[in-house]
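Peer 1: First the structure, which I've put down as structure tokens, then a few questions once you've had a look.
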Amino acid sequence: MKYIEVSFIIEPYSQENEDLLIAILSENEYDSFWQTENELKAYIQENLFSVENLQSICNSIQNIFTVETIINTLPEKNWNEEWEKSYPFTIISERCLIRAPFHLNTPKTEFEIVIEPKMSFGTGHHSTTSLMVELILEMDIANKTILDMGCGTGILAIITSLKKAKKITAIDFDEWAYENTIENSKKNNCTNIEVIKGTATEIPNENYDIILANINRNVLLEDIGTYFKHLNKNSNLVISGFLQSDIEILWKKAEVFKLLPAKVVTKNNWVAAIFEKS
């Protein structure tokens with residue numbers, strides 16, 4: 001499977017403008033991002049890409065900022081080579097190291113996750129992944145049943161496994177993410193993770209103590225009712241993938257299902273939150 005890489009030069013550049021662009025791209029089938037000092041690289045499956053859609057995205061933000069785009073077709077075989085050139089390890093909350101197999105002599109932390117970086121979202125570098133891991137590190141996970149929606153590379157499923165979750169179900173519609181989560185679960189010796197290719201309609205007929213959903217605003221709004229149905233009593237829904245400007249609409253939707261916000265954290269205008277089902 002080939003991917004299209006679109007490089008965006010943002011003018012004027014700001015973290016807020018970049019985050020807004022990522023949010024819009026996420027809603028338009030772009031599933032991976034690489035942020036540098038002045039440039040954003042976004043990745044989309046070749047069969048989902050269209051120049052017309054890209055132009056529409058650029059037009060939608062032209063009253064806020066402008067972008068210059070460079071389009072490249074990225075063969076699958078080049079991806080790991082690119083990551084190895086520039087992919088750093090990351091440490092979250094000084095407790096969890098996330099690294100690639102080629103990172104050697106890394107610091108010792110309480111938890112260590114080895115991720116084979118490929119074309120799937122969730123390498124620990126993006127603010128939403130970091131925020132989700134930060135919240136999971138603070139939660140009581142032992143012996144809990146977990147559902148990880150939009151699992152990406154499997155980082156969230158893996159950290160819950162390392163924290164002694166009883167059973168984890170990880171779901172993603174993307175073939176890369178599905179295969180990558182299976183691979184990374186094996187790399188981290190996590191034998192209690194079941195990986196399913198699909199969307200919320202493929203959630204097994206069972207309930208969970210904790211549901212994790214690091215996706216995007218539109219999917220969260222559409223699927224929060226489904227998540228609610230699959231939550232046990234006195235359980236938690238942990239969500240991210242949305243901006244501070246999305247809080248009001250998401251909170252109103254959660255209120256419909258009597259899901260109450262228990263904790264909210266932010267980073268670079270991105271938000272993660274824990275909701276309680278009483």
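Labels used: A, B, ... for chains in the order of the structure tokens, numbers from 1 for residues in each chain, and numbers from 1 for ligands as shown.
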Identify, with DSSP run on backbone atoms, the residues in region 33-232 of chain A assigned to helix (DSSP H, G or I), and express the list as number ranges by chain.
Peer 2: A: 46-48, 51-60, 76-86, 127-138, 155-162, 175-187, 200-202, 217-229
Peer 1: Using only C-alpha atoms, determine which residues lie at most 8 Å from Thr199 (chain A), disregarding the query and same-chain residues fewer than 5 positions distant; provide the list as a list in words.
Peer 2: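 So, after excluding close chain neighbours, the residues are Met149, Gly150, Ile171, Asp172 and Phe173 of chain A.
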Peer 1: Apply DSSP to the backbone of this structure and, from region 176-276 of chain A, keep only the residues in strand (DSSP E or B); write these as a count of residues only.
Peer 2: 41
Peer 1: Quick one: residues within 7 Å of Ile215 (chain A), only C-alpha atoms, excluding same-chain residues fewer than 3 positions away - as a list in words?
Peer 2: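 The neighbour list is Gly150, Val219, Leu220, Ser240 and Gly241 of chain A.
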Peer 1: Could you write out the selected residues, including C-alpha atoms, as a PDB file, in the first residue's frame?
Peer 2:
ATOM      1  CA  GLY A 150      -8.571   3.829  17.031  1.00  0.00           C
ATOM      2  CA  VAL A 219     -15.949  10.219  15.291  1.00  0.00           C
ATOM      3  CA  LEU A 220     -16.286  10.894  19.014  1.00  0.00           C
ATOM      4  CA  SER A 240      -8.677  12.747  23.074  1.00  0.00           C
ATOM      5  CA  GLY A 241      -8.052  13.843  19.491  1.00  0.00           C
TER       6      GLY A 241
END
Peer 1: Determine, counting only C-alpha atoms, which protein, DNA and RNA residues have an atom within 9 Å of an atom of Trp34 (chain A); residues of the same chain fewer than 6 positions away are not included. Present the result as a VMD selection string.
Peer 2: chain A and resid 40 to 43 125 to 126
Peer 1: Which residues, written as a ChimeraX atom specification, have at least one atom at most 12 Å from Phe228 (chain A), with only C-alpha atoms counted and residues fewer than 4 positions away on the same chain left out?
Peer 2: /A:147,200,206-213,220-224,232-238,253-260,275-278
Peer 1: The selected residues should be written to file as a tab-separated table (two decimals), in the first residue's frame (atoms: C-alpha atoms).
Peer 2:
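Generated output (out-v9.tsv):
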chain	number	residue	atom	x	y	z
A	147	LEU	CA	-11.27	-1.19	24.90
A	200	ALA	CA	-17.26	0.91	16.48
A	206	GLU	CA	-19.36	-7.19	25.95
A	207	ASN	CA	-18.79	-4.29	28.35
A	208	TYR	CA	-15.57	-2.70	29.56
A	209	ASP	CA	-14.25	-1.00	32.68
A	210	ILE	CA	-12.33	1.58	30.65
A	211	ILE	CA	-12.81	2.68	27.04
A	212	LEU	CA	-10.00	4.67	25.39
A	213	ALA	CA	-10.78	6.69	22.24
A	220	LEU	CA	-16.29	10.89	19.01
A	221	LEU	CA	-19.58	12.73	18.48
A	222	GLU	CA	-20.87	9.91	16.29
A	223	ASP	CA	-19.75	6.99	18.46
A	224	ILE	CA	-19.99	8.24	22.06
A	232	ASN	CA	-19.78	-1.11	32.82
A	233	LYS	CA	-21.29	0.78	35.73
A	234	ASN	CA	-18.84	3.01	37.60
A	235	SER	CA	-16.50	2.91	34.61
A	236	ASN	CA	-14.51	5.46	32.59
A	237	LEU	CA	-14.42	6.81	29.05
A	238	VAL	CA	-11.08	8.46	28.24
A	253	LYS	CA	-22.99	15.21	23.82
A	254	ALA	CA	-21.51	13.43	26.84
A	255	GLU	CA	-24.14	15.00	29.08
A	256	VAL	CA	-26.88	13.31	27.02
A	257	PHE	CA	-25.54	9.98	28.26
A	258	LYS	CA	-24.90	11.27	31.80
A	259	LEU	CA	-21.15	10.95	31.34
A	260	LEU	CA	-19.52	13.37	33.76
A	275	PHE	CA	-15.48	10.83	31.88
A	276	GLU	CA	-17.24	8.79	34.54
A	277	LYS	CA	-20.30	6.61	34.01
A	278	SER	CA	-22.07	6.67	37.34
Peer 1: Nearest to Val264 (chain A): which of A:Leu135, A:Cys58, A:Tyr13, A:Ile158 is it, counting only C-alpha atoms?
Peer 2: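 Closest to Val264 (chain A) of all the choices is A:Leu135.
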Peer 1: Show which residues sit within 12 Å of Val6 (chain A), as a VMD selection string. Count only C-alpha atoms, and ignore same-chain residues fewer than 4 positions away.
Peer 2: chain A and resid 22 25 30 to 35 39 to 46 49 to 51 54 to 55 58 67 to 74
Peer 1: Those same residues - C-alpha atoms - I'd like them written as a CSV table (one decimal), in the first residue's frame.
Peer 2:
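Writing the result to part_7.csv gives the following:
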chain,number,residue,atom,x,y,z
A,22,ILE,CA,-4.0,18.7,11.9
A,25,LEU,CA,-6.7,16.9,8.0
A,30,TYR,CA,-5.1,11.9,6.8
A,31,ASP,CA,-4.0,9.5,9.5
A,32,SER,CA,-0.3,10.2,10.3
A,33,PHE,CA,1.6,13.4,11.0
A,34,TRP,CA,5.2,14.5,11.4
A,35,GLN,CA,5.8,18.0,12.9
A,39,GLU,CA,6.7,22.4,8.5
A,40,LEU,CA,3.9,19.8,8.9
A,41,LYS,CA,4.0,16.5,6.9
A,42,ALA,CA,0.7,14.7,6.7
A,43,TYR,CA,0.1,11.2,5.3
A,44,ILE,CA,-2.9,9.7,3.6
A,45,GLN,CA,-3.5,6.4,1.7
A,46,GLU,CA,-3.0,6.9,-2.0
A,49,PHE,CA,-6.1,11.2,-1.8
A,50,SER,CA,-7.5,13.7,-4.2
A,51,VAL,CA,-6.0,17.1,-5.3
A,54,LEU,CA,-6.6,19.0,-0.7
A,55,GLN,CA,-7.5,22.3,-2.4
A,58,CYS,CA,-6.5,24.8,1.9
A,67,VAL,CA,-0.3,27.1,3.3
A,68,GLU,CA,2.1,26.1,0.6
A,69,THR,CA,1.9,22.4,-0.3
A,70,ILE,CA,4.3,19.9,-1.7
A,71,ILE,CA,2.9,16.4,-2.7
A,72,ASN,CA,5.0,13.2,-2.8
A,73,THR,CA,4.1,9.6,-3.3
A,74,LEU,CA,5.9,7.6,-0.6
Peer 1: Closest to Glu194 (chain A) among A:Ala157, A:Cys96, A:Ile249, A:Ile24, using only C-alpha atoms?
Peer 2: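 Selected residue with least distance to Glu194 (chain A): A:Ala157.
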Peer 1: Could you check how far CA of Phe242 (chain A) sits from CA of Glu110 (chain A), in Å to one decimal?
Peer 2: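 Answer for the CA of Phe242 (chain A) to CA of Glu110 (chain A) separation: 28.5 Å.
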Peer 1: May I ask for the distance between CA of Glu112 (chain A) and CA of Val195 (chain A), given in Å to one decimal place?
Peer 2: 20.6 Å
Peer 1: My list of candidates is A:Leu156, A:Ile10, A:Val133, A:Leu250. Which is closest to Thr66 (chain A) when distances are computed with only C-alpha atoms?
Peer 2: A:Ile10
Peer 1: Between A:Ile57, A:Leu243, A:Lys2, A:Asn269, which one has atoms that come closest to Asn216 (chain A), using only C-alpha atoms?
Peer 2: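 Going through A:Ile57, A:Leu243, A:Lys2, A:Asn269 one by one, the smallest distance to Asn216 (chain A) is for A:Leu243.
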Peer 1: Which residue, A:Glu18, A:Glu134, A:Glu5, A:Glu94, has the smallest gap to Ala273 (chain A) when you use only C-alpha atoms?
Peer 2: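 Smallest separation from Ala273 (chain A) among the options: A:Glu134.
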